[in-house]
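Heads up, run37.cif below (mmCIF, C-alpha atoms):
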data_data
loop_
_atom_site.label_atom_id
_atom_site.label_comp_id
_atom_site.auth_asym_id
_atom_site.auth_seq_id
_atom_site.Cartn_x
_atom_site.Cartn_y
_atom_site.Cartn_z
CA MET A 1 -86.04 -33.40 172.29
CA SER A 2 -83.98 -36.32 171.18
CA PHE A 3 -81.63 -36.41 168.24
CA GLY A 4 -79.65 -38.98 166.29
CA PRO A 5 -77.23 -39.38 163.40
CA GLU A 6 -79.66 -37.57 161.05
CA VAL A 7 -78.41 -34.23 162.38
CA LEU A 8 -75.16 -34.87 160.48
CA ALA A 9 -76.88 -35.55 157.13
CA LEU A 10 -75.05 -33.74 154.35
CA ASP A 11 -76.10 -32.60 150.87
CA CYS A 12 -73.02 -34.15 149.27
CA ASN A 13 -73.40 -32.58 145.84
CA ALA A 14 -73.77 -29.09 147.24
CA GLU A 15 -70.88 -29.58 149.65
CA ILE A 16 -68.54 -30.84 146.91
CA GLN A 17 -69.48 -27.84 144.78
CA ARG A 18 -68.86 -25.44 147.67
CA ILE A 19 -65.46 -26.95 148.50
CA SER A 20 -64.45 -26.95 144.82
CA GLU A 21 -65.23 -23.27 144.40
CA TRP A 22 -63.38 -22.44 147.61
CA MET A 23 -60.34 -24.45 146.55
CA ILE A 24 -60.10 -22.78 143.13
CA ASP A 25 -60.58 -19.32 144.63
CA SER A 26 -57.99 -20.04 147.34
CA LEU A 27 -55.36 -21.20 144.86
CA ALA A 28 -55.97 -18.63 142.15
CA ASN A 29 -56.71 -15.51 144.19
CA ARG A 30 -55.10 -15.95 147.57
CA LEU A 31 -52.34 -18.54 147.67
CA ARG A 32 -51.39 -18.09 144.00
CA ARG A 33 -50.28 -21.67 143.50
CA ARG A 34 -50.92 -23.90 140.49
CA GLY A 35 -52.06 -27.10 142.14
CA VAL A 36 -51.94 -29.11 145.36
CA VAL A 37 -49.80 -31.74 147.04
CA VAL A 38 -51.67 -34.32 149.14
CA ALA A 39 -50.00 -36.91 151.34
CA ILE A 40 -52.14 -40.03 151.03
CA SER A 41 -52.19 -42.31 154.05
CA GLY A 42 -54.75 -44.80 152.78
CA GLY A 43 -57.21 -43.51 155.40
CA ILE A 44 -60.54 -41.87 154.76
CA ASP A 45 -59.57 -38.23 155.38
CA SER A 46 -56.64 -37.92 153.01
CA SER A 47 -58.51 -40.00 150.42
CA VAL A 48 -61.48 -37.64 150.47
CA CYS A 49 -59.20 -34.58 150.38
CA ALA A 50 -57.39 -35.94 147.32
CA ALA A 51 -60.69 -36.80 145.62
CA LEU A 52 -62.09 -33.32 146.37
CA ALA A 53 -58.94 -31.74 144.92
CA VAL A 54 -59.32 -33.81 141.77
CA ARG A 55 -62.97 -32.74 141.48
CA ALA A 56 -61.98 -29.09 141.86
CA LEU A 57 -58.75 -28.91 139.88
CA GLY A 58 -58.56 -32.02 137.71
CA PRO A 59 -56.10 -34.88 138.24
CA GLU A 60 -53.24 -33.12 136.47
CA ARG A 61 -53.04 -30.45 139.22
CA VAL A 62 -52.93 -32.89 142.13
CA TYR A 63 -49.70 -34.58 143.22
CA GLY A 64 -49.97 -37.54 145.61
CA LEU A 65 -47.33 -38.68 148.08
CA LEU A 66 -47.17 -42.02 149.85
CA LEU A 67 -44.86 -41.64 152.85
CA PRO A 68 -44.56 -44.95 154.70
CA GLU A 69 -42.08 -45.71 157.48
CA ARG A 70 -41.10 -48.74 159.53
CA ASP A 71 -44.30 -48.88 161.61
CA SER A 72 -46.81 -48.15 158.82
CA SER A 73 -49.19 -50.94 158.00
CA SER A 74 -48.64 -52.45 154.54
CA ASP A 75 -52.42 -52.16 154.07
CA SER A 76 -52.11 -48.36 154.25
CA ALA A 77 -49.61 -48.23 151.40
CA ARG A 78 -51.72 -50.59 149.32
CA ARG A 79 -54.89 -48.54 149.86
CA GLY A 80 -52.99 -45.32 149.16
CA GLU A 81 -51.73 -46.62 145.86
CA LEU A 82 -55.17 -47.95 145.00
CA LEU A 83 -56.62 -44.50 145.59
CA ALA A 84 -53.96 -42.66 143.56
CA ARG A 85 -54.55 -44.99 140.61
CA HIS A 86 -58.31 -44.70 141.03
CA LEU A 87 -58.06 -40.88 140.88
CA GLY A 88 -55.57 -40.95 138.01
CA ILE A 89 -53.12 -38.57 139.70
CA ALA A 90 -49.32 -38.52 139.50
CA PHE A 91 -47.80 -39.83 142.72
CA GLU A 92 -44.65 -41.20 144.23
CA THR A 93 -43.70 -43.27 147.23
CA HIS A 94 -40.97 -42.00 149.54
CA ASP A 95 -40.00 -44.33 152.40
CA ILE A 96 -39.17 -41.98 155.27
CA ALA A 97 -37.69 -44.70 157.53
CA PRO A 98 -34.04 -43.89 156.62
CA ALA A 99 -34.62 -40.20 157.39
CA LEU A 100 -36.31 -41.06 160.68
CA GLN A 101 -33.50 -43.44 161.55
CA ALA A 102 -30.90 -40.74 160.87
CA LEU A 103 -32.80 -38.25 163.03
CA GLY A 104 -32.92 -40.68 165.95
CA CYS A 105 -36.70 -41.07 165.92
CA TYR A 106 -36.71 -44.82 166.59
CA ARG A 107 -33.72 -44.75 168.96
CA GLN A 108 -35.14 -41.94 171.12
CA ARG A 109 -38.51 -43.67 171.25
CA ASP A 110 -37.03 -47.07 172.10
CA ASP A 111 -34.72 -45.63 174.78
CA ALA A 112 -37.80 -44.21 176.51
CA ILE A 113 -39.66 -47.52 176.15
CA ARG A 114 -36.71 -49.48 177.58
CA HIS A 115 -36.77 -47.24 180.62
CA VAL A 116 -40.09 -48.88 181.54
CA VAL A 117 -39.68 -52.24 179.72
CA PRO A 118 -35.91 -53.03 179.76
CA GLU A 119 -36.23 -56.16 177.60
CA TYR A 120 -37.94 -54.28 174.72
CA THR A 121 -36.16 -54.74 171.35
CA ASP A 122 -36.85 -54.07 167.66
CA ALA A 123 -38.65 -57.40 167.50
CA TRP A 124 -41.34 -56.15 169.92
CA LYS A 125 -44.36 -54.03 169.05
CA CYS A 126 -45.88 -51.16 170.98
CA LYS A 127 -48.54 -48.50 171.21
CA ILE A 128 -49.74 -45.88 173.68
CA VAL A 129 -53.30 -45.90 175.02
CA ILE A 130 -55.10 -43.29 177.09
CA SER A 131 -56.70 -44.08 180.42
CA GLY A 132 -59.18 -41.97 182.36
CA GLY A 133 -61.57 -40.36 179.87
CA LEU A 134 -65.07 -41.67 180.46
CA GLU A 135 -64.15 -42.99 183.86
CA ARG A 136 -63.85 -40.48 186.64
CA GLY A 137 -60.12 -40.18 186.64
CA ILE A 138 -57.40 -37.88 185.49
CA ASN A 139 -56.15 -38.79 182.02
CA PHE A 140 -52.87 -40.67 181.86
CA PHE A 141 -51.14 -42.86 179.32
CA LYS A 142 -50.18 -46.48 179.26
CA LEU A 143 -47.63 -48.18 177.08
CA VAL A 144 -48.79 -51.48 175.60
CA VAL A 145 -45.95 -53.76 174.48
CA GLN A 146 -46.13 -57.09 172.71
CA SER A 147 -43.18 -59.49 172.87
CA PRO A 148 -42.23 -61.60 169.81
CA ASP A 149 -44.20 -64.54 171.25
CA GLY A 150 -47.36 -62.41 171.21
CA ALA A 151 -47.69 -61.75 174.96
CA GLN A 152 -49.00 -58.25 175.68
CA ARG A 153 -48.67 -56.16 178.79
CA GLU A 154 -49.46 -52.61 179.87
CA VAL A 155 -47.47 -50.21 182.01
CA ARG A 156 -48.29 -46.68 183.08
CA LEU A 157 -45.89 -44.28 181.45
CA PRO A 158 -44.02 -41.85 183.65
CA LEU A 159 -44.28 -38.30 182.35
CA ARG A 160 -40.75 -37.97 180.95
CA GLN A 161 -40.93 -41.23 179.03
CA TYR A 162 -44.42 -40.44 177.74
CA LEU A 163 -43.28 -37.04 176.47
CA GLN A 164 -40.16 -38.52 174.87
CA ILE A 165 -42.10 -41.25 173.05
CA VAL A 166 -44.59 -38.70 171.71
CA ALA A 167 -41.81 -36.25 170.80
CA ALA A 168 -39.93 -38.99 168.92
CA THR A 169 -42.99 -40.23 167.03
CA ASN A 170 -43.88 -36.62 166.12
CA PHE A 171 -40.78 -36.74 163.90
CA LYS A 172 -42.90 -38.87 161.57
CA GLN A 173 -45.53 -36.21 160.88
CA ARG A 174 -42.91 -33.46 160.70
CA VAL A 175 -40.66 -35.32 158.27
CA ARG A 176 -43.67 -36.07 156.07
CA LYS A 177 -44.52 -32.38 156.02
CA ASN A 178 -40.95 -31.55 154.98
CA ILE A 179 -41.32 -33.78 151.96
CA GLU A 180 -44.76 -32.41 151.12
CA TYR A 181 -43.35 -28.88 151.08
CA PHE A 182 -40.35 -29.96 149.00
CA HIS A 183 -42.74 -31.09 146.28
CA ALA A 184 -45.01 -28.09 146.77
CA ASP A 185 -42.04 -25.72 146.35
CA ARG A 186 -40.74 -27.71 143.37
CA LEU A 187 -44.09 -27.64 141.59
CA ASN A 188 -45.29 -24.23 142.85
CA TYR A 189 -48.21 -26.02 144.49
CA ALA A 190 -49.96 -25.59 147.85
CA VAL A 191 -50.08 -28.27 150.55
CA ILE A 192 -53.39 -29.80 151.58
CA GLY A 193 -53.95 -30.57 155.26
CA THR A 194 -56.38 -33.39 155.91
CA PRO A 195 -57.84 -33.03 159.42
CA ASN A 196 -61.56 -33.60 159.83
CA ARG A 197 -63.60 -31.52 162.27
CA LEU A 198 -63.00 -33.83 165.23
CA GLU A 199 -59.25 -33.73 164.76
CA TYR A 200 -59.12 -30.01 164.03
CA ASP A 201 -61.47 -28.93 166.81
CA GLN A 202 -59.98 -31.25 169.41
CA GLY A 203 -56.37 -30.62 168.46
CA PHE A 204 -55.53 -34.13 167.34
CA PHE A 205 -52.55 -33.22 165.19
CA VAL A 206 -48.85 -32.49 165.48
CA LYS A 207 -47.95 -28.82 165.45
CA ASN A 208 -45.81 -28.11 162.39
CA GLY A 209 -46.42 -31.72 161.39
CA ASP A 210 -49.75 -32.86 160.00
CA GLY A 211 -51.17 -29.63 161.45
CA ALA A 212 -49.19 -27.57 158.93
CA ALA A 213 -50.81 -26.88 155.56
CA ASP A 214 -52.02 -24.17 153.21
CA LEU A 215 -55.56 -25.50 152.76
CA LYS A 216 -57.69 -27.71 155.03
CA PRO A 217 -60.71 -28.65 152.94
CA ILE A 218 -62.54 -30.90 155.44
CA ALA A 219 -61.71 -29.23 158.77
CA HIS A 220 -65.38 -28.18 159.05
CA LEU A 221 -66.79 -31.68 158.38
CA TYR A 222 -67.58 -34.34 160.97
CA LYS A 223 -65.94 -37.69 160.36
CA THR A 224 -69.35 -39.21 159.60
CA GLN A 225 -69.75 -36.62 156.84
CA VAL A 226 -66.30 -37.39 155.46
CA TYR A 227 -67.35 -41.04 155.12
CA ALA A 228 -70.55 -39.89 153.39
CA LEU A 229 -68.54 -37.85 150.88
CA ALA A 230 -66.25 -40.85 150.24
CA ARG A 231 -69.22 -43.06 149.43
CA HIS A 232 -70.86 -40.33 147.36
CA MET A 233 -67.69 -39.87 145.28
CA GLU A 234 -67.54 -43.66 144.90
CA LEU A 235 -64.06 -44.10 146.31
CA PRO A 236 -62.85 -47.73 146.45
CA ALA A 237 -64.92 -49.77 148.91
CA GLU A 238 -62.01 -50.76 151.11
CA ILE A 239 -61.13 -47.10 151.66
CA CYS A 240 -64.74 -46.28 152.55
CA SER A 241 -64.74 -49.09 155.12
CA ALA A 242 -61.26 -48.58 156.64
CA ALA A 243 -61.37 -48.07 160.42
CA PRO A 244 -59.54 -44.93 161.57
CA THR A 245 -56.12 -45.68 163.05
CA THR A 246 -53.14 -43.47 163.76
CA ASP A 247 -50.79 -45.76 161.76
CA THR A 248 -47.97 -44.39 163.91
CA TYR A 249 -47.20 -47.26 166.28
CA SER A 250 -46.29 -50.85 165.44
CA LEU A 251 -49.39 -52.19 167.24
CA ALA A 252 -52.66 -51.06 165.64
CA GLN A 253 -53.88 -48.02 167.59
CA GLY A 254 -57.46 -46.82 167.21
CA GLN A 255 -57.87 -43.04 167.45
CA ASP A 256 -60.34 -43.55 170.29
CA GLU A 257 -57.74 -45.56 172.24
CA PHE A 258 -55.24 -42.75 172.14
CA TYR A 259 -57.14 -39.52 172.07
CA PHE A 260 -60.90 -39.44 171.80
CA ALA A 261 -63.20 -40.52 174.59
CA LEU A 262 -65.55 -42.35 172.18
CA PRO A 263 -65.49 -44.01 168.74
CA HIS A 264 -65.75 -41.43 165.96
CA ALA A 265 -69.46 -41.79 165.08
CA GLN A 266 -70.39 -41.19 168.73
CA MET A 267 -67.75 -38.51 169.14
CA ASP A 268 -69.20 -36.66 166.13
CA LEU A 269 -72.62 -36.60 167.77
CA ALA A 270 -71.14 -35.54 171.09
CA LEU A 271 -69.32 -32.62 169.50
CA TRP A 272 -72.43 -31.63 167.54
CA ALA A 273 -74.58 -31.81 170.67
CA HIS A 274 -72.07 -29.83 172.69
CA ASP A 275 -71.93 -27.08 170.08
CA HIS A 276 -75.73 -27.00 169.77
CA GLN A 277 -76.13 -26.62 173.54
CA ARG A 278 -77.99 -29.92 173.95
CA PRO A 279 -78.26 -30.99 177.59
CA ALA A 280 -76.05 -33.91 178.63
CA ALA A 281 -79.20 -35.96 179.27
CA GLU A 282 -80.06 -35.81 175.56
CA LEU A 283 -76.57 -36.83 174.52
CA ALA A 284 -76.74 -39.68 177.04
CA GLN A 285 -79.96 -40.88 175.44
CA ALA A 286 -78.57 -40.60 171.91
CA LEU A 287 -75.44 -42.59 172.73
CA GLY A 288 -76.70 -44.99 175.38
CA LEU A 289 -74.48 -43.47 178.08
CA SER A 290 -75.32 -42.39 181.61
CA GLU A 291 -75.90 -38.69 182.08
CA ALA A 292 -72.76 -38.45 184.21
CA GLN A 293 -70.71 -40.04 181.41
CA ALA A 294 -72.19 -37.63 178.87
CA GLN A 295 -71.24 -34.74 181.14
CA ARG A 296 -67.69 -36.05 181.31
CA VAL A 297 -67.59 -36.23 177.50
CA TYR A 298 -68.62 -32.56 177.37
CA ALA A 299 -65.99 -31.66 179.95
CA ASP A 300 -63.37 -33.58 177.96
CA ILE A 301 -64.30 -31.72 174.75
CA GLU A 302 -63.83 -28.40 176.53
CA ALA A 303 -60.60 -29.49 178.20
CA LYS A 304 -59.11 -30.62 174.90
CA ARG A 305 -60.03 -27.30 173.28
CA ARG A 306 -58.23 -25.43 176.04
CA THR A 307 -55.21 -27.70 176.11
CA THR A 308 -54.67 -27.59 172.36
CA GLN A 309 -55.00 -23.84 171.82
CA TYR A 310 -51.23 -23.85 171.62
CA LEU A 311 -51.32 -26.19 168.65
CA HIS A 312 -53.51 -23.83 166.64
CA ALA A 313 -51.61 -20.70 167.60
CA SER A 314 -49.16 -18.94 165.35
CA ALA A 315 -46.04 -17.62 167.07
CA LEU A 316 -47.03 -14.97 169.62
CA LEU A 317 -45.74 -11.44 169.10
CA VAL A 318 -45.12 -8.69 171.64
CA GLU A 319 -47.12 -6.40 169.35
CA PRO A 320 -48.47 -6.51 165.79
CA VAL A 321 -45.79 -5.79 163.20
CA ASP A 322 -46.86 -3.04 160.83
CA GLY A 323 -46.67 -3.84 157.17
CA VAL A 324 -47.18 -7.61 157.41
CA VAL A 325 -50.22 -8.31 155.26
CA LYS A 326 -52.35 -11.32 156.20
CA LEU A 327 -54.21 -13.37 153.62
CA ALA A 328 -57.84 -12.30 153.66
CA MET B 1 -45.59 -32.81 207.33
CA ASN B 2 -47.79 -29.87 208.19
CA ASP B 3 -46.27 -28.07 205.27
CA ILE B 4 -47.44 -30.36 202.44
CA LYS B 5 -49.85 -27.67 201.29
CA VAL B 6 -47.13 -25.02 201.43
CA GLN B 7 -44.67 -27.15 199.48
CA VAL B 8 -47.16 -28.13 196.77
CA ARG B 9 -48.39 -24.56 196.45
CA ARG B 10 -44.81 -23.39 195.99
CA TYR B 11 -44.21 -26.11 193.39
CA ILE B 12 -47.34 -25.14 191.46
CA GLU B 13 -46.62 -21.44 191.65
CA ASP B 14 -42.99 -21.89 190.59
CA ASN B 15 -43.53 -24.55 187.94
CA PHE B 16 -46.85 -23.64 186.34
CA LEU B 17 -47.59 -20.01 187.12
CA MET B 18 -43.93 -18.93 186.96
CA GLY B 19 -44.72 -15.91 189.06
CA ALA B 20 -47.16 -14.59 186.45
CA ARG B 21 -48.81 -11.54 187.91
CA GLY B 22 -52.33 -11.76 189.26
CA ARG B 23 -52.41 -15.54 189.67
CA SER B 24 -52.37 -17.51 192.89
CA VAL B 25 -53.84 -20.78 194.12
CA GLY B 26 -56.34 -20.93 196.96
CA ASP B 27 -56.45 -23.98 199.27
CA ALA B 28 -59.71 -25.29 197.83
CA ASP B 29 -59.30 -24.10 194.22
CA SER B 30 -59.84 -26.82 191.64
CA PHE B 31 -56.83 -27.00 189.33
CA LEU B 32 -59.10 -28.31 186.58
CA ASP B 33 -61.93 -25.77 186.90
CA ASN B 34 -59.51 -22.87 187.24
CA HIS B 35 -57.41 -24.07 184.31
CA ILE B 36 -54.26 -24.15 186.41
CA LEU B 37 -53.30 -27.66 185.26
CA ASP B 38 -54.01 -29.47 182.00
CA SER B 39 -53.59 -33.21 181.59
CA THR B 40 -49.82 -33.00 181.12
CA GLY B 41 -49.69 -30.64 184.11
CA PHE B 42 -51.36 -33.28 186.28
CA LEU B 43 -48.78 -35.83 185.18
CA GLU B 44 -46.04 -33.37 186.16
CA LEU B 45 -47.69 -32.83 189.52
CA ILE B 46 -47.96 -36.58 190.09
CA THR B 47 -44.28 -37.04 189.26
CA PHE B 48 -43.44 -34.27 191.74
CA LEU B 49 -45.54 -35.86 194.50
CA GLU B 50 -44.06 -39.31 193.90
CA GLU B 51 -40.48 -38.06 193.90
CA HIS B 52 -40.75 -35.45 196.64
CA TYR B 53 -42.71 -37.58 199.14
CA ARG B 54 -41.32 -40.95 197.98
CA ILE B 55 -44.78 -42.38 197.47
CA GLU B 56 -46.26 -44.42 194.65
CA ILE B 57 -49.58 -43.25 193.29
CA ASP B 58 -51.59 -46.15 191.86
CA ASN B 59 -53.59 -45.88 188.63
CA ASP B 60 -56.87 -46.07 190.53
CA GLU B 61 -55.80 -43.23 192.81
CA MET B 62 -55.42 -40.79 189.90
CA LEU B 63 -58.74 -39.15 190.71
CA PRO B 64 -59.84 -35.53 191.10
CA GLU B 65 -60.95 -36.23 194.68
CA ASN B 66 -57.34 -37.08 195.58
CA LEU B 67 -55.49 -34.51 193.49
CA ASP B 68 -57.64 -31.60 192.35
CA SER B 69 -56.86 -28.97 195.00
CA LEU B 70 -54.21 -28.23 197.59
CA LEU B 71 -56.50 -29.43 200.40
CA ARG B 72 -57.22 -32.71 198.62
CA ILE B 73 -53.55 -33.30 197.88
CA GLU B 74 -52.63 -32.63 201.49
CA ALA B 75 -55.19 -35.14 202.73
CA PHE B 76 -54.18 -37.70 200.10
CA VAL B 77 -50.45 -37.43 200.71
CA ARG B 78 -51.03 -37.68 204.46
CA ARG B 79 -52.99 -40.90 203.94
CA LYS B 80 -50.25 -42.28 201.70
CA LEU B 81 -47.58 -41.42 204.27
CA ALA B 82 -49.57 -42.55 207.28
CA PRO B 83 -48.22 -46.14 207.57
CA ALA B 84 -44.63 -44.96 207.26
CA MET B 85 -45.16 -42.22 209.80
CA GLN B 86 -46.73 -44.66 212.26
CA ASP B 87 -43.57 -46.75 212.02
CA VAL B 88 -41.39 -43.90 213.23
CA THR B 89 -43.80 -42.21 215.61
CA PRO B 90 -43.54 -43.52 219.18
#
Translate the structure described by the file into structure tokens.
Amino acid sequence: MSFGPEVLALDCNAEIQRISEWMIDSLANRLRRRGVVVAISGGIDSSVCAALAVRALGPERVYGLLLPERDSSSDSARRGELLARHLGIAFETHDIAPALQALGCYRQRDDAIRHVVPEYTDAWKCKIVISGGLERGINFFKLVVQSPDGAQREVRLPLRQYLQIVAATNFKQRVRKNIEYFHADRLNYAVIGTPNRLEYDQGFFVKNGDGAADLKPIAHLYKTQVYALARHMELPAEICSAAPTTDTYSLAQGQDEFYFALPHAQMDLALWAHDHQRPAAELAQALGLSEAQAQRVYADIEAKRRTTQYLHASALLVEPVDGVVKLA
Amino acid sequence: MNDIKVQVRRYIEDNFLMGARGRSVGDADSFLDNHILDSTGFLELITFLEEHYRIEIDNDEMLPENLDSLLRIEAFVRRKLAPAMQDVTP
């Protein structure tokens, strides 16, 4: 039996209704907060989360934050502002570059880069890309640098430098979350987390950074479905058509270059097929891959789930502590 | 160099298993299939092999058939060291 993108078809009206009811119930009965803070990146996920919150709570209970830094694309800020105005929500822009500078984010990152590319300066651009994946190899990471004259080159990152670059850039997501919680505490609001199903399931988030939130309204939805909701809610066309990027490095970095084995539409189908126990041969047919490649995609999905358990985990305890009541 | 397997096993047991009870690594055990190493773990192992044996592992050598068990690592490291060893062996 073959399958295709139709398996991800969504009844958008029903889904919006379901999420709205859940959001109101969560705020009123469980979290006991009066509204939500959403950091708006200009990408599809945070845009849909903000729009869903407005549908559920009304624009007056949604506070938007635009949190650019030195490496953010100016397009992101423009799309973010466009969305906030489109939704009619209160919002503010907080440039986090000075905070990141003070914390040593850029210096720590650049020190690690200069270990492998000594001539690297502020005038250069960079990103990290993954290697391995669909090929037969063991995953490793390469640094791509671009000199001011536009020449690019790639170098394999030694482990210590790779970890330091990632650790330094993780400051970005964690500083953003600090600011989101400042406003949430100030307003007595809850914080919305914006991962889609691919990101949530496969652990593509920073622990205590973008992974931290009180509500994650689209964590159960495939990216394809998030795009469908965006179009259904008639969000601005350029948001509906924006390609997913991490917006974390100075060179544009597609999510599938850094983390996922395939572009998101194919990755959605792969995850769906994996979870519906479809044989690799069927996935191969659906995506135009060889069966061996499809098997490696399945293996990669499982490996990422195992590797990222730590990201989902709360702090481990020696034993349960009596008297601590968990939210139902 | 007969003890490559012994040295790598000790490194893996010290560094990754940390003496956790009930866990050991057999010669032919796949690190991937037995969830002994994740992707960062492999990068740590590669750094260890490069530093300890003074070899350089190329991008296209980062393959399970070279690195995904003690036996495979032993064979791979021996191949990498072979030219150097020929130089010093009468």
| Quick one: which residues from chain A are at most 8 Å off chain B, using all atoms listed in the file, as a PyMOL selection string? | chain A and resi 136-140+156+158-159+303+307
| task | Starting from the displayed file, determine the output of the PyMOL selection byres ((chain A and resi 235) around 9) and express the residue list as a ChimeraX atom specification. | result | /A:47-48,51,83,86-87,229-234,236-240
Picked residues, the PyMOL selection byres ((chain B and resi 8) around 10), expected as a compact mmCIF listing (two decimals) with C-alpha atoms, in the coordinates of the input:
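So out.txt came out as:
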# COMPACT_ATOMS: atom_id res chain seq x y z
CA ASP B 3 -46.27 -28.07 205.27
CA ILE B 4 -47.44 -30.36 202.44
CA LYS B 5 -49.85 -27.67 201.29
CA VAL B 6 -47.13 -25.02 201.43
CA GLN B 7 -44.67 -27.15 199.48
CA ARG B 9 -48.39 -24.56 196.45
CA ARG B 10 -44.81 -23.39 195.99
CA TYR B 11 -44.21 -26.11 193.39
CA ILE B 12 -47.34 -25.14 191.46
CA GLU B 13 -46.62 -21.44 191.65
CA ASP B 14 -42.99 -21.89 190.59
CA LEU B 45 -47.69 -32.83 189.52
CA PHE B 48 -43.44 -34.27 191.74
CA LEU B 49 -45.54 -35.86 194.50
CA HIS B 52 -40.75 -35.45 196.64
CA SER B 69 -56.86 -28.97 195.00
CA LEU B 70 -54.21 -28.23 197.59
CA ILE B 73 -53.55 -33.30 197.88
CA GLU B 74 -52.63 -32.63 201.49
| said: the PyMOL selection byres ((chain B and resi 21-29) around 7) - which residues does that actually catch in the file I just gave you? List them as a VMD selection string. | reply: chain B and resid 19 to 20 30 to 31 69 to 71
| query | Which distance in Å separates CA of Gly35 (chain A) and CA of Lys223 (chain A), to one decimal? | reply | 25.2 Å
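Atom pair CA of His115 (chain A) / CA of Ser250 (chain A): separated by 18.3 Å.
The space between CA of Gly43 (chain A) and CA of Gln225 (chain A) spans 14.4 Å.
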| task | Kindly provide, as a PyMOL selection string, the polymer residues lying within 9 Å of (-42.9, -42.3, 157.9), counting only C-alpha atoms and using the coordinates exactly as they appear in the file. | result | chain A and resi 67-72+94-97+99-100+171-173+175-176+248
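Every protein, DNA or RNA residue with an atom at most 9 Å from Arg32 (chain A), where all atoms listed in the file count and chain neighbours fewer than 6 positions away do not, is listed here: Ser26, Asn188, Tyr189 and Ala190 of chain A.
Nearest-residue note for Gly64 (chain A): choosing from A:Arg174, A:Lys142, A:Arg78, A:His183, the minimum distance belongs to A:His183, counting all atoms listed in the file.
Shortest atom-to-atom contact with Glu92 (chain A) among A:Ile16, A:Ala112, A:Ile40, A:Leu57: A:Ile40, counting only C-alpha atoms.
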| message | I'd like the neighbourhood of region 271-283 of chain A as a ChimeraX atom specification, where a residue qualifies if any of its atoms comes within 9 Å (using only C-alpha atoms), though same-chain residues fewer than 5 positions away should be ignored. | response | /A:1-3,7-8,198,222,266,288-295,297-298,301
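Distances here use only C-alpha atoms; by that measure, the residue among A:Ala243, A:Ile192, A:Ala123, A:Val321 closest to Ser46 (chain A) is A:Ile192.
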| message | Env of Ala50 (chain A): 12 Å cut, atoms = all atoms listed in the file, seq-sep filter 3 positions within chain, self excluded. Answer as a VMD selection string. | response | chain A and resid 20 23 35 to 47 53 to 65 80 83 to 91 191 to 194 215 to 218 229 to 230 233 235
Please produce a file of the residues just selected, as a tab-separated table (two decimals), keeping the file's coordinate frame, where the atoms kept are C-alpha atoms.
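What ended up in again-v7.tsv:
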chain	number	residue	atom	x	y	z
A	20	SER	CA	-64.45	-26.95	144.82
A	23	MET	CA	-60.34	-24.45	146.55
A	35	GLY	CA	-52.06	-27.10	142.14
A	36	VAL	CA	-51.94	-29.11	145.36
A	37	VAL	CA	-49.80	-31.74	147.04
A	38	VAL	CA	-51.67	-34.32	149.14
A	39	ALA	CA	-50.00	-36.91	151.34
A	40	ILE	CA	-52.14	-40.03	151.03
A	41	SER	CA	-52.19	-42.31	154.05
A	42	GLY	CA	-54.75	-44.80	152.78
A	43	GLY	CA	-57.21	-43.51	155.40
A	44	ILE	CA	-60.54	-41.87	154.76
A	45	ASP	CA	-59.57	-38.23	155.38
A	46	SER	CA	-56.64	-37.92	153.01
A	47	SER	CA	-58.51	-40.00	150.42
A	53	ALA	CA	-58.94	-31.74	144.92
A	54	VAL	CA	-59.32	-33.81	141.77
A	55	ARG	CA	-62.97	-32.74	141.48
A	56	ALA	CA	-61.98	-29.09	141.86
A	57	LEU	CA	-58.75	-28.91	139.88
A	58	GLY	CA	-58.56	-32.02	137.71
A	59	PRO	CA	-56.10	-34.88	138.24
A	60	GLU	CA	-53.24	-33.12	136.47
A	61	ARG	CA	-53.04	-30.45	139.22
A	62	VAL	CA	-52.93	-32.89	142.13
A	63	TYR	CA	-49.70	-34.58	143.22
A	64	GLY	CA	-49.97	-37.54	145.61
A	65	LEU	CA	-47.33	-38.68	148.08
A	80	GLY	CA	-52.99	-45.32	149.16
A	83	LEU	CA	-56.62	-44.50	145.59
A	84	ALA	CA	-53.96	-42.66	143.56
A	85	ARG	CA	-54.55	-44.99	140.61
A	86	HIS	CA	-58.31	-44.70	141.03
A	87	LEU	CA	-58.06	-40.88	140.88
A	88	GLY	CA	-55.57	-40.95	138.01
A	89	ILE	CA	-53.12	-38.57	139.70
A	90	ALA	CA	-49.32	-38.52	139.50
A	91	PHE	CA	-47.80	-39.83	142.72
A	191	VAL	CA	-50.08	-28.27	150.55
A	192	ILE	CA	-53.39	-29.80	151.58
A	193	GLY	CA	-53.95	-30.57	155.26
A	194	THR	CA	-56.38	-33.39	155.91
A	215	LEU	CA	-55.56	-25.50	152.76
A	216	LYS	CA	-57.69	-27.71	155.03
A	217	PRO	CA	-60.71	-28.65	152.94
A	218	ILE	CA	-62.54	-30.90	155.44
A	229	LEU	CA	-68.54	-37.85	150.88
A	230	ALA	CA	-66.25	-40.85	150.24
A	233	MET	CA	-67.69	-39.87	145.28
A	235	LEU	CA	-64.06	-44.10	146.31
Could you give me, as a compact mmCIF listing (two decimals) with C-alpha atoms, keeping the file's coordinate frame, the residues within 9 Å of Cys126 (chain A), counting only C-alpha atoms and dropping anything in the same chain fewer than 6 positions from it?
# COMPACT_ATOMS: atom_id res chain seq x y z
CA ILE A 113 -39.66 -47.52 176.15
CA LEU A 143 -47.63 -48.18 177.08
CA VAL A 144 -48.79 -51.48 175.60
CA VAL A 145 -45.95 -53.76 174.48
CA GLN A 146 -46.13 -57.09 172.71
CA SER A 147 -43.18 -59.49 172.87
CA TYR A 249 -47.20 -47.26 166.28
CA SER A 250 -46.29 -50.85 165.44
CA LEU A 251 -49.39 -52.19 167.24
CA ALA A 252 -52.66 -51.06 165.64
